[in-house]
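Have a look at work37.tsv; it's TSV, C-alpha atoms:
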```tsv
chain	number	residue	atom	x	y	z
Z	1	MET	CA	5.24	21.99	3.74
Z	2	ALA	CA	5.83	25.17	5.70
Z	3	GLN	CA	7.75	25.01	8.97
Z	4	ALA	CA	4.54	25.94	10.81
Z	5	ASP	CA	2.98	22.65	9.65
Z	6	TRP	CA	5.45	20.68	11.78
Z	7	THR	CA	5.80	20.45	15.54
Z	8	VAL	CA	9.23	19.68	16.97
Z	9	HIS	CA	9.66	17.86	20.28
Z	10	ASN	CA	12.98	17.55	22.15
Z	11	ALA	CA	14.77	19.81	19.68
Z	12	ASP	CA	18.21	18.90	21.04
Z	13	GLY	CA	17.71	15.13	20.68
Z	14	TRP	CA	20.61	13.18	19.22
Z	15	ARG	CA	18.48	11.11	16.84
Z	16	ARG	CA	16.09	12.68	14.31
Z	17	VAL	CA	12.70	11.00	13.78
Z	18	ILE	CA	10.12	12.21	11.25
Z	19	VAL	CA	6.43	11.38	11.90
Z	20	THR	CA	4.21	12.07	8.90
Z	21	LYS	CA	0.90	12.38	10.82
Z	22	GLY	CA	-0.04	13.26	14.37
Z	23	LEU	CA	-0.65	10.04	16.34
Z	24	PRO	CA	-3.10	9.35	19.19
Z	25	GLY	CA	-1.95	9.44	22.79
Z	26	THR	CA	1.35	10.65	24.22
Z	27	ARG	CA	3.17	7.48	25.28
Z	28	TRP	CA	4.77	6.96	21.87
Z	29	LEU	CA	6.15	10.49	21.96
Z	30	ASP	CA	7.35	10.15	25.55
Z	31	LEU	CA	9.17	6.94	24.59
Z	32	LEU	CA	10.94	8.54	21.65
Z	33	THR	CA	11.95	11.73	23.43
Z	34	GLY	CA	12.95	9.71	26.48
Z	35	ALA	CA	15.28	7.72	24.22
Z	36	GLY	CA	16.99	10.93	23.13
Z	37	CYS	CA	15.17	11.47	19.85
Z	38	ARG	CA	14.26	14.77	18.25
Z	39	VAL	CA	10.74	14.15	16.96
Z	40	GLU	CA	9.23	16.20	14.13
Z	41	VAL	CA	5.50	15.64	13.62
Z	42	SER	CA	3.46	16.79	10.63
Z	43	GLN	CA	0.29	18.64	11.60
Z	44	SER	CA	-1.23	18.43	8.11
Z	45	ALA	CA	-4.30	16.31	7.42
Z	46	ARG	CA	-3.19	15.92	3.80
Z	47	VAL	CA	-1.44	12.88	2.45
Z	48	LEU	CA	2.15	14.06	2.09
Z	49	GLY	CA	3.55	13.76	-1.41
Z	50	ARG	CA	6.79	12.07	-2.34
Z	51	GLU	CA	8.67	15.33	-2.86
Z	52	GLU	CA	7.43	16.76	0.44
Z	53	LEU	CA	8.63	13.67	2.26
Z	54	ALA	CA	12.01	13.78	0.56
Z	55	VAL	CA	12.52	17.45	1.46
Z	56	ARG	CA	11.56	16.82	5.07
Z	57	ILE	CA	13.92	13.86	5.40
Z	58	GLY	CA	16.71	16.18	4.32
Z	59	GLU	CA	20.38	15.40	4.80
Z	60	ARG	CA	20.07	13.58	8.13
Z	61	CYS	CA	17.17	11.46	9.36
Z	62	ASP	CA	17.49	8.36	11.51
Z	63	ALA	CA	13.93	7.06	11.29
Z	64	VAL	CA	10.46	7.71	9.92
Z	65	ILE	CA	7.00	6.76	11.14
Z	66	GLY	CA	4.85	6.82	8.01
Z	67	GLN	CA	1.31	6.02	6.95
Z	68	LEU	CA	-0.30	3.42	4.71
Z	69	THR	CA	-1.56	6.26	2.51
Z	70	GLU	CA	2.02	7.07	1.46
Z	71	ASP	CA	3.90	5.27	-1.30
Z	72	TRP	CA	7.30	4.31	0.12
Z	73	ASP	CA	9.13	3.27	-3.01
Z	74	ALA	CA	12.77	2.80	-3.97
Z	75	GLY	CA	13.20	6.51	-4.65
Z	76	LEU	CA	12.13	7.50	-1.16
Z	77	PHE	CA	14.30	4.83	0.38
Z	78	ASP	CA	17.22	6.23	-1.63
Z	79	VAL	CA	16.58	9.56	0.08
Z	80	LEU	CA	16.27	7.97	3.51
Z	81	ALA	CA	19.42	5.88	3.01
Z	82	ALA	CA	21.38	8.96	1.90
Z	83	ALA	CA	20.27	10.64	5.14
Z	84	ALA	CA	21.65	7.67	7.15
Z	85	GLY	CA	18.16	6.38	7.91
Z	86	ARG	CA	18.01	3.06	9.74
Z	87	ILE	CA	14.30	2.26	9.95
Z	88	TYR	CA	10.93	3.03	8.38
Z	89	ALA	CA	8.00	2.17	10.70
Z	90	ASN	CA	4.63	1.78	8.96
Z	91	TYR	CA	1.74	2.86	11.19
Z	92	ALA	CA	-0.32	-0.16	10.13
Z	93	VAL	CA	-0.23	-3.93	10.22
Z	94	GLY	CA	-0.29	-4.15	6.41
Z	95	TYR	CA	2.58	-2.79	4.34
Z	96	ASP	CA	1.48	-3.10	0.73
Z	97	ASN	CA	2.39	0.60	0.39
Z	98	VAL	CA	6.06	-0.21	1.11
Z	99	ASP	CA	8.68	-1.60	-1.27
Z	100	VAL	CA	10.25	-3.85	1.36
Z	101	ASP	CA	12.81	-5.27	-1.06
Z	102	ALA	CA	14.04	-1.77	-1.89
Z	103	ALA	CA	14.36	-0.93	1.79
Z	104	THR	CA	16.24	-4.16	2.45
Z	105	GLU	CA	18.67	-3.52	-0.40
Z	106	ARG	CA	19.52	-0.21	1.28
Z	107	GLY	CA	19.88	-1.72	4.75
Z	108	ILE	CA	16.73	-0.06	6.08
Z	109	ALA	CA	14.49	-1.96	8.47
Z	110	VAL	CA	10.74	-1.95	7.78
Z	111	ALA	CA	8.50	-2.29	10.83
Z	112	ASN	CA	4.75	-2.67	11.24
Z	113	THR	CA	2.23	-2.82	14.10
Z	114	PRO	CA	0.53	-6.25	14.28
Z	115	GLY	CA	-1.23	-7.81	17.22
Z	116	VAL	CA	-3.18	-4.78	18.48
Z	117	LEU	CA	-5.68	-4.41	15.63
Z	118	THR	CA	-7.21	-7.88	15.66
Z	119	GLU	CA	-10.34	-7.58	17.78
Z	120	THR	CA	-10.93	-3.92	16.94
Z	121	THR	CA	-10.89	-4.55	13.19
Z	122	ALA	CA	-12.98	-7.70	13.55
Z	123	GLU	CA	-15.54	-5.76	15.58
Z	124	MET	CA	-15.80	-3.21	12.77
Z	125	ALA	CA	-16.42	-5.99	10.27
Z	126	VAL	CA	-19.20	-7.26	12.55
Z	127	ALA	CA	-20.62	-3.73	12.81
Z	128	LEU	CA	-20.68	-3.38	9.03
Z	129	THR	CA	-22.29	-6.81	8.69
Z	130	PHE	CA	-25.18	-5.80	10.92
Z	131	ALA	CA	-25.39	-2.30	9.46
Z	132	VAL	CA	-26.08	-3.74	6.02
Z	133	ALA	CA	-28.19	-6.67	7.24
Z	134	ARG	CA	-30.52	-4.46	9.28
Z	135	ARG	CA	-30.36	-1.38	6.99
Z	136	ILE	CA	-29.14	0.83	9.82
Z	137	VAL	CA	-27.83	3.69	7.67
Z	138	GLU	CA	-31.02	3.94	5.63
Z	139	ALA	CA	-33.16	3.84	8.77
Z	140	ASP	CA	-31.04	6.47	10.53
Z	141	ARG	CA	-31.35	8.84	7.57
Z	142	TYR	CA	-35.11	8.20	7.38
Z	143	VAL	CA	-35.60	9.26	11.00
Z	144	ARG	CA	-33.28	12.30	10.77
Z	145	GLU	CA	-35.14	13.54	7.69
Z	146	GLY	CA	-38.38	13.63	9.69
Z	147	ARG	CA	-40.05	10.92	7.63
Z	148	PHE	CA	-40.81	8.54	10.51
Z	149	GLU	CA	-44.54	8.87	11.24
Z	150	SER	CA	-45.52	5.51	12.70
Z	151	TRP	CA	-44.51	1.89	13.12
Z	152	LEU	CA	-45.22	-0.17	10.01
Z	153	PRO	CA	-45.02	-3.96	9.51
Z	154	THR	CA	-42.98	-3.50	6.32
Z	155	LEU	CA	-40.69	-0.64	7.39
Z	156	PHE	CA	-36.98	-1.34	6.71
Z	157	ILE	CA	-37.21	-5.09	6.75
Z	158	GLY	CA	-33.71	-6.53	6.85
Z	159	GLN	CA	-32.06	-9.92	7.11
Z	160	ARG	CA	-31.67	-12.23	10.09
Z	161	LEU	CA	-28.19	-13.66	10.56
Z	162	CYS	CA	-28.73	-16.20	13.33
Z	163	ARG	CA	-28.20	-19.80	12.12
Z	164	ARG	CA	-27.12	-18.78	8.64
Z	165	THR	CA	-23.69	-19.28	7.03
Z	166	VAL	CA	-20.79	-16.86	7.35
Z	167	GLY	CA	-17.91	-17.01	4.89
Z	168	VAL	CA	-14.41	-15.72	5.57
Z	169	ILE	CA	-11.75	-15.23	2.91
Z	170	GLY	CA	-8.41	-14.95	4.68
Z	171	ALA	CA	-8.49	-16.71	8.05
Z	172	GLY	CA	-5.55	-15.03	9.74
Z	173	ARG	CA	-5.80	-13.29	13.07
Z	174	ILE	CA	-8.46	-10.75	12.09
Z	175	GLY	CA	-10.45	-13.11	9.88
Z	176	SER	CA	-10.47	-15.73	12.62
Z	177	ALA	CA	-11.58	-13.22	15.25
Z	178	TYR	CA	-14.44	-12.10	13.01
Z	179	ALA	CA	-15.43	-15.70	12.31
Z	180	ARG	CA	-15.59	-16.55	16.01
Z	181	MET	CA	-17.59	-13.42	16.81
Z	182	MET	CA	-20.18	-14.40	14.20
Z	183	VAL	CA	-20.23	-18.11	15.02
Z	184	GLU	CA	-20.19	-17.86	18.79
Z	185	GLY	CA	-22.39	-14.78	18.93
Z	186	HIS	CA	-25.00	-15.78	16.38
Z	187	LYS	CA	-24.73	-19.56	15.99
Z	188	MET	CA	-23.70	-19.36	12.36
Z	189	ASP	CA	-22.06	-22.09	10.33
Z	190	LEU	CA	-18.62	-21.15	9.01
Z	191	VAL	CA	-16.97	-21.79	5.67
Z	192	TYR	CA	-13.54	-20.24	5.14
Z	193	TYR	CA	-10.83	-20.09	2.52
Z	194	ASP	CA	-7.17	-19.62	3.28
Z	195	ILE	CA	-4.05	-21.03	1.69
Z	196	PHE	CA	-3.26	-22.48	5.13
Z	197	ARG	CA	-5.58	-24.56	7.26
Z	198	ASN	CA	-6.48	-22.82	10.52
Z	199	GLU	CA	-6.66	-25.69	13.00
Z	200	HIS	CA	-7.05	-23.39	15.99
Z	201	LEU	CA	-10.16	-21.82	14.44
Z	202	GLU	CA	-11.62	-25.21	13.53
Z	203	GLN	CA	-11.02	-26.50	17.06
Z	204	ALA	CA	-12.65	-23.42	18.59
Z	205	VAL	CA	-15.78	-23.83	16.47
Z	206	ALA	CA	-15.90	-27.56	17.26
Z	207	ALA	CA	-15.69	-26.83	20.99
Z	208	TYR	CA	-18.48	-24.27	20.74
Z	209	SER	CA	-20.59	-26.73	18.76
Z	210	GLU	CA	-20.14	-29.34	21.50
Z	211	LEU	CA	-21.31	-26.79	24.06
Z	212	LEU	CA	-24.46	-26.09	22.05
Z	213	VAL	CA	-25.24	-29.79	21.73
Z	214	ALA	CA	-24.69	-30.30	25.47
Z	215	ARG	CA	-27.31	-27.63	26.07
Z	216	GLY	CA	-29.80	-29.31	23.76
Z	217	GLU	CA	-29.27	-26.98	20.81
Z	218	ASP	CA	-28.36	-27.70	17.21
Z	219	PRO	CA	-24.62	-27.81	16.42
Z	220	VAL	CA	-22.68	-25.41	14.21
Z	221	SER	CA	-20.16	-26.42	11.58
Z	222	CYS	CA	-16.82	-25.22	10.27
Z	223	ARG	CA	-15.06	-26.28	7.11
Z	224	ARG	CA	-12.22	-25.04	5.00
Z	225	ALA	CA	-13.26	-24.56	1.37
Z	226	ASP	CA	-11.02	-25.65	-1.46
Z	227	THR	CA	-11.59	-22.41	-3.40
Z	228	VAL	CA	-12.71	-18.82	-3.00
Z	229	GLU	CA	-15.56	-19.62	-5.36
Z	230	GLU	CA	-16.91	-22.24	-2.97
Z	231	VAL	CA	-17.12	-19.69	-0.15
Z	232	LEU	CA	-18.87	-17.16	-2.38
Z	233	ALA	CA	-21.46	-19.63	-3.60
Z	234	THR	CA	-22.19	-21.03	-0.14
Z	235	ALA	CA	-22.18	-18.17	2.36
Z	236	ASP	CA	-24.94	-15.71	3.21
Z	237	VAL	CA	-22.36	-13.14	4.31
Z	238	VAL	CA	-18.75	-13.01	3.11
Z	239	SER	CA	-16.08	-10.99	4.90
Z	240	LEU	CA	-12.72	-10.26	3.26
Z	241	HIS	CA	-9.53	-10.42	5.35
Z	242	THR	CA	-6.76	-11.06	2.85
Z	243	VAL	CA	-3.54	-9.18	2.26
Z	244	LEU	CA	-3.30	-7.06	-0.88
Z	245	ASP	CA	-0.90	-8.31	-3.51
Z	246	ASP	CA	-0.91	-9.26	-7.18
Z	247	THR	CA	-2.95	-12.39	-6.46
Z	248	THR	CA	-5.70	-10.62	-4.51
Z	249	THR	CA	-6.15	-7.40	-6.50
Z	250	HIS	CA	-9.71	-7.57	-7.88
Z	251	LEU	CA	-10.15	-10.92	-6.18
Z	252	ILE	CA	-13.84	-10.05	-6.10
Z	253	ASP	CA	-14.72	-9.17	-9.69
Z	254	ALA	CA	-17.88	-9.36	-11.78
Z	255	ALA	CA	-17.58	-13.09	-12.36
Z	256	ARG	CA	-17.17	-13.88	-8.67
Z	257	LEU	CA	-19.92	-11.48	-7.61
Z	258	ALA	CA	-22.23	-13.38	-9.95
Z	259	MET	CA	-21.49	-16.58	-7.99
Z	260	MET	CA	-22.90	-15.13	-4.78
Z	261	LYS	CA	-26.50	-15.39	-3.63
Z	262	ASP	CA	-28.77	-12.58	-4.83
Z	263	ASN	CA	-29.35	-11.49	-1.22
Z	264	ALA	CA	-25.81	-12.13	0.05
Z	265	MET	CA	-23.75	-9.62	2.01
Z	266	LEU	CA	-20.14	-8.65	1.22
Z	267	VAL	CA	-17.95	-6.94	3.83
Z	268	ASN	CA	-14.47	-5.50	3.29
Z	269	THR	CA	-12.27	-4.10	6.07
Z	270	SER	CA	-9.03	-5.29	4.46
Z	271	ARG	CA	-7.81	-3.31	1.42
Z	272	GLY	CA	-9.93	-1.55	-1.20
Z	273	PRO	CA	-8.43	-2.95	-4.42
Z	274	ILE	CA	-9.43	-6.47	-3.40
Z	275	ILE	CA	-12.85	-5.56	-4.84
Z	276	ASP	CA	-13.42	-4.36	-8.41
Z	277	GLU	CA	-15.63	-1.49	-7.32
Z	278	ALA	CA	-17.03	-0.75	-10.78
Z	279	ALA	CA	-18.21	-4.36	-10.91
Z	280	LEU	CA	-19.64	-4.05	-7.39
Z	281	VAL	CA	-21.64	-0.96	-8.38
Z	282	ASP	CA	-23.07	-2.74	-11.42
Z	283	HIS	CA	-23.90	-5.81	-9.36
Z	284	CYS	CA	-25.65	-3.84	-6.61
Z	285	ARG	CA	-27.71	-1.95	-9.18
Z	286	GLU	CA	-28.79	-5.18	-10.85
Z	287	HIS	CA	-29.38	-7.00	-7.55
Z	288	PRO	CA	-31.09	-4.57	-5.14
Z	289	HIS	CA	-31.23	-7.19	-2.36
Z	290	PHE	CA	-27.47	-7.73	-2.49
Z	291	LEU	CA	-25.73	-5.81	0.30
Z	292	ALA	CA	-22.19	-4.55	0.81
Z	293	GLY	CA	-20.36	-2.86	3.68
Z	294	ILE	CA	-16.95	-1.41	2.84
Z	295	ASP	CA	-14.49	0.49	5.01
Z	296	VAL	CA	-11.70	0.66	2.40
Z	297	PHE	CA	-11.78	1.75	-1.21
Z	298	GLU	CA	-10.12	0.89	-4.49
Z	299	HIS	CA	-9.15	4.50	-5.22
Z	300	GLU	CA	-9.12	5.79	-1.66
Z	301	PRO	CA	-10.17	8.38	-0.66
Z	302	SER	CA	-12.17	8.76	-3.90
Z	303	LEU	CA	-15.33	6.72	-4.33
Z	304	THR	CA	-15.99	4.87	-7.55
Z	305	PRO	CA	-18.91	6.60	-9.32
Z	306	GLY	CA	-22.21	5.11	-8.27
Z	307	ILE	CA	-21.28	3.97	-4.77
Z	308	ARG	CA	-22.65	7.02	-2.99
Z	309	ASP	CA	-25.99	6.66	-4.83
Z	310	LEU	CA	-26.72	3.10	-3.72
Z	311	ASP	CA	-28.57	2.41	-0.47
Z	312	ASN	CA	-27.48	-1.23	-0.53
Z	313	ILE	CA	-23.83	-0.22	-0.02
Z	314	VAL	CA	-22.77	1.09	3.40
Z	315	VAL	CA	-19.47	2.98	3.50
Z	316	THR	CA	-17.19	4.13	6.32
Z	317	PRO	CA	-13.92	6.11	6.02
Z	318	HIS	CA	-11.23	3.47	6.73
Z	319	ILE	CA	-11.87	3.35	10.48
Z	320	ALA	CA	-11.72	-0.39	11.19
Z	321	SER	CA	-8.79	-0.01	13.60
Z	322	ALA	CA	-10.09	3.25	15.07
Z	323	SER	CA	-10.44	2.50	18.74
Z	324	GLN	CA	-8.45	4.52	21.26
Z	325	TRP	CA	-6.72	1.43	22.66
Z	326	THR	CA	-5.71	0.14	19.24
Z	327	ARG	CA	-4.53	3.38	17.68
Z	328	ARG	CA	-2.50	4.28	20.78
Z	329	GLY	CA	-1.09	0.78	20.85
Z	330	MET	CA	-0.05	1.05	17.21
Z	331	ALA	CA	1.79	4.30	17.96
Z	332	THR	CA	3.56	2.67	20.91
Z	333	LEU	CA	4.69	-0.28	18.78
Z	334	ALA	CA	5.97	2.04	16.05
Z	335	ALA	CA	7.99	4.04	18.58
Z	336	LEU	CA	9.43	0.93	20.22
Z	337	ASN	CA	10.40	-0.50	16.84
Z	338	ILE	CA	12.42	2.63	16.14
Z	339	ILE	CA	14.06	2.72	19.55
Z	340	ALA	CA	15.04	-0.94	19.33
Z	341	VAL	CA	16.58	-0.70	15.86
Z	342	LEU	CA	18.45	2.50	16.65
Z	343	HIS	CA	19.87	0.88	19.80
Z	344	GLY	CA	20.73	-2.45	18.16
Z	345	LEU	CA	18.23	-4.52	20.15
Z	346	PRO	CA	16.96	-7.89	18.88
Z	347	VAL	CA	13.61	-8.52	17.23
Z	348	TRP	CA	10.73	-10.03	19.24
Z	349	ARG	CA	9.88	-13.52	18.03
Z	350	ASP	CA	6.56	-14.08	19.80
Z	351	ASP	CA	3.24	-13.38	18.06
Z	352	ASP	CA	1.96	-11.81	21.28
Z	353	VAL	CA	3.08	-8.16	21.30
Z	354	LEU	CA	0.91	-7.09	24.24
Z	355	PRO	CA	3.92	-7.05	26.64
Z	356	PHE	CA	5.09	-3.98	24.72
Z	357	LEU	CA	2.04	-2.07	25.92
Z	358	SER	CA	2.98	-2.63	29.57
Z	359	ASP	CA	4.84	-0.14	31.74
Z	360	ASP	CA	7.99	-2.24	31.36
Z	361	PRO	CA	8.21	-3.28	27.68
Z	362	PRO	CA	10.73	-5.91	26.52
Z	363	ASP	CA	14.12	-4.76	25.22
Z	364	ALA	CA	13.33	-5.75	21.65
Z	365	ALA	CA	11.70	-4.54	18.44
Z	366	PRO	CA	8.04	-5.66	18.38
Z	367	SER	CA	7.87	-6.37	14.64
Z	368	VAL	CA	10.41	-5.88	11.81
Z	369	VAL	CA	9.20	-7.55	8.63
Z	370	ASN	CA	12.65	-7.79	6.99
Z	371	ALA	CA	14.54	-8.68	10.16
Z	372	THR	CA	15.91	-11.98	8.82
Z	373	GLU	CA	17.16	-10.41	5.58
Z	374	LEU	CA	18.95	-7.69	7.55
Z	375	GLY	CA	20.38	-10.08	10.15
Z	376	LEU	CA	18.45	-8.46	13.01
Z	377	ASP	CA	17.36	-11.77	14.56
```
So that I can check it, write out the structure of this file as structure tokens.
Amino acid sequence: MAQADWTVHNADGWRRVIVTKGLPGTRWLDLLTGAGCRVEVSQSARVLGREELAVRIGERCDAVIGQLTEDWDAGLFDVLAAAAGRIYANYAVGYDNVDVDAATERGIAVANTPGVLTETTAEMAVALTFAVARRIVEADRYVREGRFESWLPTLFIGQRLCRRTVGVIGAGRIGSAYARMMVEGHKMDLVYYDIFRNEHLEQAVAAYSELLVARGEDPVSCRRADTVEEVLATADVVSLHTVLDDTTTHLIDAARLAMMKDNAMLVNTSRGPIIDEAALVDHCREHPHFLAGIDVFEHEPSLTPGIRDLDNIVVTPHIASASQWTRRGMATLAALNIIAVLHGLPVWRDDDVLPFLSDDPPDAAPSVVNATELGLD
């Protein structure tokens, strides 16, 4: 990239930090420059290639804030290690784009930004659920094209969600938040699959059910399924909230899609490759009442052929965490991770990272995924 594509802040700073995309807000930048860092920020909207990143790291680079769209492999960590790099901070909660083992072998900390995306991402999953259930995108296009002439009893009839069954695959923080929004907001029964039982979620649904009964209404239920297949066969809407790894790539394939109800809804705000998109296209063509809402894609940013032609698939451009509060919070956590590691501070051991968004953040690194392996506890 040309020099003009980068903006340099605090040019005389004693630590050099590379940031591969411009980030929302200014607090993250104020924190880094206030800690004596020279901060170089890419102004390009392109995904930076491996060679571009290596050239920019150069002979000396203390830290990098990178993006989930970049492949941080052993080769790049060789470059960063040779430049005396101490930490790579992923601007995301997930880090399937990072070879953590390679970073660890080279003594480089890998940080992420959990704890500030939960409700925002869950809200997006809810938005996609209702967008597909009530055919919002189709209806919006219909009006904008000037085709709306009068109210009709059969115009854009969608699906009602109240008192139906919601399924969640991956009941971590985001999956649990989505589940509660659907259960407590729309009195849905819940069936979830996770390798770990989520007692807190089950207790929350039980407490809400007791409240409904006390008010003379029917209860709601929550149960942990033994298999993914059980969730798919049972639920009216299934939302995916798993990590991406070898066990979850193409978790939803043709065989599992065939297990779902013909008018079921599938929502994905997790990672694109969890769904076999070619199989999804075929399934949606063969089952026109089946609905899908996806914010992430298998070959992102490219769409699998056929997706853009199907009205029963709603797509958004990977914006599940895109609220001002969340994106600024992510940038703040990334900056504080770098500052802490460069200054030899300990790693925060509480799941609640919100204190780091206060005016007086703790003297610690919010989240370093290989802290134990590097002895940063």
Q: Neighbourhood query: residues within 12 Å of (-0.2, -8.8, 17.9), file coordinates, counting only C-alpha atoms; return as an NGL selection string.
A: :Z and (92-93 or 112-120 or 172-174 or 326 or 329-330 or 333 or 348-357 or 366-367)
Q) Which residue, Z:Ala335, Z:Val64, Z:Val168, Z:Ile57, has the smallest gap to Val17 of chain Z when you use only C-alpha atoms? A)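 Looking only at the distances to Val17 of chain Z, the closest residue turns out to be Z:Val64.
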Q: For Ser302 of chain Z, list every protein, DNA or RNA residue within 12 Å, evaluated using all atoms listed in the file, and leave out those in the same chain fewer than 4 positions away; present the list as a PyMOL selection string.
A: chain Z and resi 272+277+296-298+306-308+315+317-318
Q) Just how far from atom CA of Arg256 of chain Z is atom CA of Ala233 of chain Z, in Å to one decimal? A)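 Straight-line distance from atom CA of Ala233 of chain Z to atom CA of Arg256 of chain Z works out to 8.8 Å.
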Contacts of Ala235 of chain Z within 10 Å, all atoms listed in the file, excl. fewer than 2 positions in-chain, as a PDB file with C-alpha atoms, in the frame of the given file:
```pdb
ATOM      1  CA  ARG Z 164     -27.120 -18.780   8.640  1.00  0.00           C
ATOM      2  CA  THR Z 165     -23.690 -19.280   7.030  1.00  0.00           C
ATOM      3  CA  VAL Z 166     -20.790 -16.860   7.350  1.00  0.00           C
ATOM      4  CA  GLY Z 167     -17.910 -17.010   4.890  1.00  0.00           C
ATOM      5  CA  VAL Z 168     -14.410 -15.720   5.570  1.00  0.00           C
ATOM      6  CA  ASP Z 189     -22.060 -22.090  10.330  1.00  0.00           C
ATOM      7  CA  LEU Z 190     -18.620 -21.150   9.010  1.00  0.00           C
ATOM      8  CA  VAL Z 191     -16.970 -21.790   5.670  1.00  0.00           C
ATOM      9  CA  TYR Z 192     -13.540 -20.240   5.140  1.00  0.00           C
ATOM     10  CA  GLU Z 230     -16.910 -22.240  -2.970  1.00  0.00           C
ATOM     11  CA  VAL Z 231     -17.120 -19.690  -0.150  1.00  0.00           C
ATOM     12  CA  LEU Z 232     -18.870 -17.160  -2.380  1.00  0.00           C
ATOM     13  CA  ALA Z 233     -21.460 -19.630  -3.600  1.00  0.00           C
ATOM     14  CA  VAL Z 237     -22.360 -13.140   4.310  1.00  0.00           C
ATOM     15  CA  VAL Z 238     -18.750 -13.010   3.110  1.00  0.00           C
ATOM     16  CA  SER Z 239     -16.080 -10.990   4.900  1.00  0.00           C
ATOM     17  CA  MET Z 260     -22.900 -15.130  -4.780  1.00  0.00           C
ATOM     18  CA  LYS Z 261     -26.500 -15.390  -3.630  1.00  0.00           C
ATOM     19  CA  ALA Z 264     -25.810 -12.130   0.050  1.00  0.00           C
ATOM     20  CA  MET Z 265     -23.750  -9.620   2.010  1.00  0.00           C
ATOM     21  CA  LEU Z 266     -20.140  -8.650   1.220  1.00  0.00           C
TER      22      LEU Z 266
END
```
Q | Surrounding residues of Ala206 of chain Z excluding itself and chain neighbours under 6 positions, 10 Å, only C-alpha atoms, as number ranges by chain | A | Z: 200, 212, 219-222
Q: Could you tell me how far atom CA of Tyr142 of chain Z lies from atom CA of Cys284 of chain Z, in Å and to one decimal?
A: 20.7 Å
Q.
So that I can check the surroundings of segment 85-88 of chain Z, please list as a PyMOL selection string every protein, DNA and RNA residue that reaches within 8 Å of it, counting all atoms listed in the file and ignoring chain neighbours fewer than 6 positions away.
A. chain Z and resi 60-66+107-111+338+341-342
Q: For Leu155 of chain Z, list every protein, DNA or RNA residue within 9 Å, evaluated using only C-alpha atoms, and leave out those in the same chain fewer than 3 positions away; present the list as a list in words.
A: Ala139, Trp151 and Leu152 of chain Z
Q.
Between atom CA of Thr227 of chain Z and atom CA of Asp194 of chain Z, what distance in Å does the model show, to one decimal?
A.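 Distance reported for this atom pair: 8.5 Å.
Among Z:Leu29, Z:Val137, Z:Leu211, Z:Ile274, the residue with the shortest atom-to-atom distance to Ile169 of chain Z, counting all atoms listed in the file, is Z:Ile274.
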Q. Of the residues Z:Glu199, Z:Asp276, Z:Asp73, Z:Asp96, which is the one nearest to His250 of chain Z, using only C-alpha atoms?
A.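 Smallest distance to His250 of chain Z is found for Z:Asp276.
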**Q.** Which residue of Z:Asp5, Z:Asp99, Z:Glu123, Z:Asp309 approaches Ser323 of chain Z most closely, using all atoms listed in the file
**A.** Z:Glu123
